[in-house]
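Student: Supplied in structure tokens, the structure appears directly below.
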Amino acid sequence: MELNEEQQLNEIKTNLEKVKKQIAEACIRIGREPSSVRLLPVTKTVPAERLRIAYAAGCHEMGENKIQEAREKSELLSDLNIRWAVIGHLQRNKAKYLARFANEFQALDSLKLAEELDKRLQNEGRAIDVYVQVNSSGEASKFGLAPENVRDFVMQLPSFSSLRIKGLMTLAIFSTDHDRVRACFVRMREIQTMLRQEAPDGLSFDELSMGMSGDYEIAIEEGATVVRVGQAIFGKRPLPDSHYWPGVG
């Protein structure tokens with residue numbers, strides 16, 4: 001039976017409270033302040049009318065994987081003060097769309113894309129927060145820079161003045177083996193430590209976006225400052241995760 005708006009509101013509020021409680025507990029276990037972790041609700045496949053309810057429940061920033069879906073929702077919900085983050089792979093020919101509405105882009109992994117996005121943002125008179133995507137699991141099916149290529153890539157980013165570099169993003173291996181998942185997050189923390197010492201002035205690597213509904217507590221234990229949570233807030237998606245992320249079953 002389909003829930004009415006009030007029931008949906010209560011459901012989302014309850015789920016949000018549960019996720020925030022688990023974030024806080026993960027932080028406390030390792031001596032971190034719960035406020036050091038930002039929860040980014042992932043809204044892919046969630047209809048715009050349900051996102052209005054989510055906004056009323058307290059979701060004022062939303063992460064979308066596909067640029068077309070993000071663009072459409074940003075237009076439908078333009079009367080709300082939503083901070084939009086695009087967290088999935090972006091083709092260069094779609095950069096013009098992202099430049100018009102997004103506040104944050106978490107999947108930068110090529111200099112050609114950086115150049116195109118910077119140009120489009122300058123045309124719009126805007127700048128956005130950007131995270132460099134790293135393929136921490138080494139899976140050929142995933143986007144992102146190989147860990148050994150991150151330093152050289154980062155050294156070239158000061159050329160793009162409309163890209164406010166804030167940190168790194170990754171998708172860990174999709175596995176029930178927590179040790180394999182944790183290893184991805186540990187690798188990211190090591191890269192972050194290196195970049196904090198060696199990155200050019202003006203670039204920040206204080207942020208680590210890693211961890212989703214199935215592994216965000218492990219990510220927090222290893223230093224995540226942003227966790228991207230969808231299904232734990234909005235419920236199971238109609239399609240498998242492999243539809244949204246390559247290499248995920």
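Naming scheme: A, B, ... for chains in displayed order of the structure tokens; residues 1 onward per chain; ligands 1 onward as shown.
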Near region 203-216 of chain A, within 8 Å and counting only C-alpha atoms, which residues show up once chain neighbours fewer than 4 positions away are dropped, as a PyMOL selection string?

Tutor: chain A and resi 23+131+158+164-172+181+185+188-189+192+195-196+199+220+223-232

Student: Let me see the file: selected residues, N, CA, C and O atoms, as a compact mmCIF listing (two decimals), in the first residue's frame.

Tutor:
```txt
# COMPACT_ATOMS: atom_id res chain seq x y z
N ILE A 23 25.99 7.24 12.44
CA ILE A 23 27.16 8.08 12.16
C ILE A 23 27.80 8.54 13.46
O ILE A 23 29.03 8.46 13.64
N TYR A 131 35.66 17.32 -5.92
CA TYR A 131 36.42 16.22 -5.32
C TYR A 131 37.05 15.41 -6.44
O TYR A 131 36.42 15.16 -7.47
N PRO A 158 45.69 23.65 -10.21
CA PRO A 158 45.61 25.10 -9.95
C PRO A 158 45.28 25.93 -11.19
O PRO A 158 44.87 27.09 -11.07
N ARG A 164 36.92 24.59 -7.09
CA ARG A 164 37.41 24.68 -5.70
C ARG A 164 37.69 23.27 -5.21
O ARG A 164 36.77 22.55 -4.81
N ILE A 165 38.93 22.86 -5.25
CA ILE A 165 39.28 21.49 -4.89
C ILE A 165 39.18 21.33 -3.37
O ILE A 165 39.84 22.03 -2.60
N LYS A 166 38.34 20.38 -2.95
CA LYS A 166 38.05 20.19 -1.52
C LYS A 166 38.55 18.87 -0.96
O LYS A 166 38.71 18.74 0.25
N GLY A 167 38.74 17.87 -1.85
CA GLY A 167 39.17 16.59 -1.32
C GLY A 167 39.08 15.47 -2.33
O GLY A 167 39.16 15.70 -3.54
N LEU A 168 38.91 14.26 -1.82
CA LEU A 168 38.92 13.05 -2.62
C LEU A 168 37.63 12.27 -2.45
O LEU A 168 36.99 12.33 -1.39
N MET A 169 37.27 11.51 -3.47
CA MET A 169 36.09 10.63 -3.41
C MET A 169 36.45 9.25 -3.93
O MET A 169 37.29 9.12 -4.83
N THR A 170 35.81 8.22 -3.36
CA THR A 170 36.00 6.87 -3.89
C THR A 170 34.76 6.02 -3.67
O THR A 170 33.92 6.32 -2.81
N LEU A 171 34.68 4.96 -4.46
CA LEU A 171 33.74 3.86 -4.24
C LEU A 171 34.58 2.66 -3.85
O LEU A 171 35.42 2.20 -4.64
N ALA A 172 34.36 2.14 -2.66
CA ALA A 172 35.11 0.95 -2.23
C ALA A 172 34.62 -0.27 -3.00
O ALA A 172 33.57 -0.24 -3.65
N VAL A 181 36.99 -4.08 2.02
CA VAL A 181 36.37 -2.75 1.95
C VAL A 181 37.23 -1.73 2.70
O VAL A 181 37.53 -0.65 2.19
N PHE A 185 39.48 2.23 1.94
CA PHE A 185 39.39 3.48 2.70
C PHE A 185 40.74 3.85 3.32
O PHE A 185 41.09 5.03 3.38
N MET A 188 42.81 5.51 0.72
CA MET A 188 42.40 6.90 0.51
C MET A 188 42.98 7.81 1.58
O MET A 188 43.41 8.93 1.29
N ARG A 189 42.98 7.35 2.80
CA ARG A 189 43.54 8.16 3.89
C ARG A 189 45.03 8.39 3.68
O ARG A 189 45.55 9.47 3.95
N GLN A 192 45.37 11.00 1.02
CA GLN A 192 45.03 12.31 1.60
C GLN A 192 46.20 12.87 2.39
O GLN A 192 46.55 14.06 2.26
N LEU A 195 48.82 14.18 0.01
CA LEU A 195 48.44 15.41 -0.69
C LEU A 195 48.42 16.61 0.24
O LEU A 195 48.72 17.73 -0.19
N ARG A 196 48.10 16.40 1.48
CA ARG A 196 48.12 17.52 2.43
C ARG A 196 49.53 18.10 2.56
O ARG A 196 49.69 19.28 2.84
N ALA A 199 50.47 18.83 -2.08
CA ALA A 199 49.62 19.50 -3.07
C ALA A 199 49.94 20.99 -3.18
O ALA A 199 50.39 21.61 -2.21
N ILE A 220 33.79 5.88 8.02
CA ILE A 220 33.96 6.88 9.09
C ILE A 220 35.13 6.50 9.99
O ILE A 220 35.94 7.35 10.38
N GLY A 223 38.26 7.69 8.43
CA GLY A 223 38.50 9.10 8.16
C GLY A 223 37.53 9.81 7.24
O GLY A 223 37.76 10.98 6.89
N ALA A 224 36.46 9.17 6.80
CA ALA A 224 35.50 9.83 5.91
C ALA A 224 34.95 11.09 6.57
O ALA A 224 34.61 11.09 7.75
N THR A 225 34.84 12.14 5.78
CA THR A 225 34.19 13.37 6.26
C THR A 225 32.85 13.59 5.56
O THR A 225 32.07 14.43 5.97
N VAL A 226 32.61 12.85 4.47
CA VAL A 226 31.33 12.87 3.76
C VAL A 226 30.93 11.43 3.50
O VAL A 226 31.74 10.64 2.98
N VAL A 227 29.70 11.06 3.86
CA VAL A 227 29.18 9.74 3.51
C VAL A 227 27.95 9.92 2.63
O VAL A 227 27.13 10.81 2.85
N ARG A 228 27.84 9.09 1.60
CA ARG A 228 26.80 9.21 0.59
C ARG A 228 25.78 8.09 0.80
O ARG A 228 26.05 6.93 0.49
N VAL A 229 24.65 8.43 1.36
CA VAL A 229 23.69 7.42 1.79
C VAL A 229 22.36 7.61 1.08
O VAL A 229 21.77 8.68 1.14
N GLY A 230 21.90 6.56 0.41
CA GLY A 230 20.64 6.62 -0.31
C GLY A 230 19.60 5.66 0.23
O GLY A 230 18.60 6.04 0.82
N GLN A 231 19.85 4.36 0.05
CA GLN A 231 18.83 3.36 0.37
C GLN A 231 18.49 3.32 1.86
O GLN A 231 17.34 3.03 2.21
N ALA A 232 19.43 3.61 2.71
CA ALA A 232 19.15 3.62 4.15
C ALA A 232 18.20 4.75 4.54
O ALA A 232 17.58 4.72 5.61
```

Student: Out of A:Val19, A:Ile53, A:Ile128, A:Leu121, which residue has the shortest atom-to-atom distance to Trp84 (chain A) when counting only C-alpha atoms?

Tutor: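 When distances to Trp84 (chain A) are compared using only C-alpha atoms, the smallest one comes from A:Ile128.
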
Student: Just want the 10 Å neighbourhood of Arg151 (chain A), counted on only C-alpha atoms, with same-chain residues fewer than 4 positions away dropped. Output as a list in words.

Tutor: Leu145, Pro147, Met155, Gln156, Ile191, Met194, Leu195, Glu198 and Ala199 of chain A

Student: Using only C-alpha atoms, which of the listed residues (A:Gly125, A:Gly138, A:Gly31, A:Gly144) sits closest to Asp109 (chain A)?

Tutor: A:Gly144
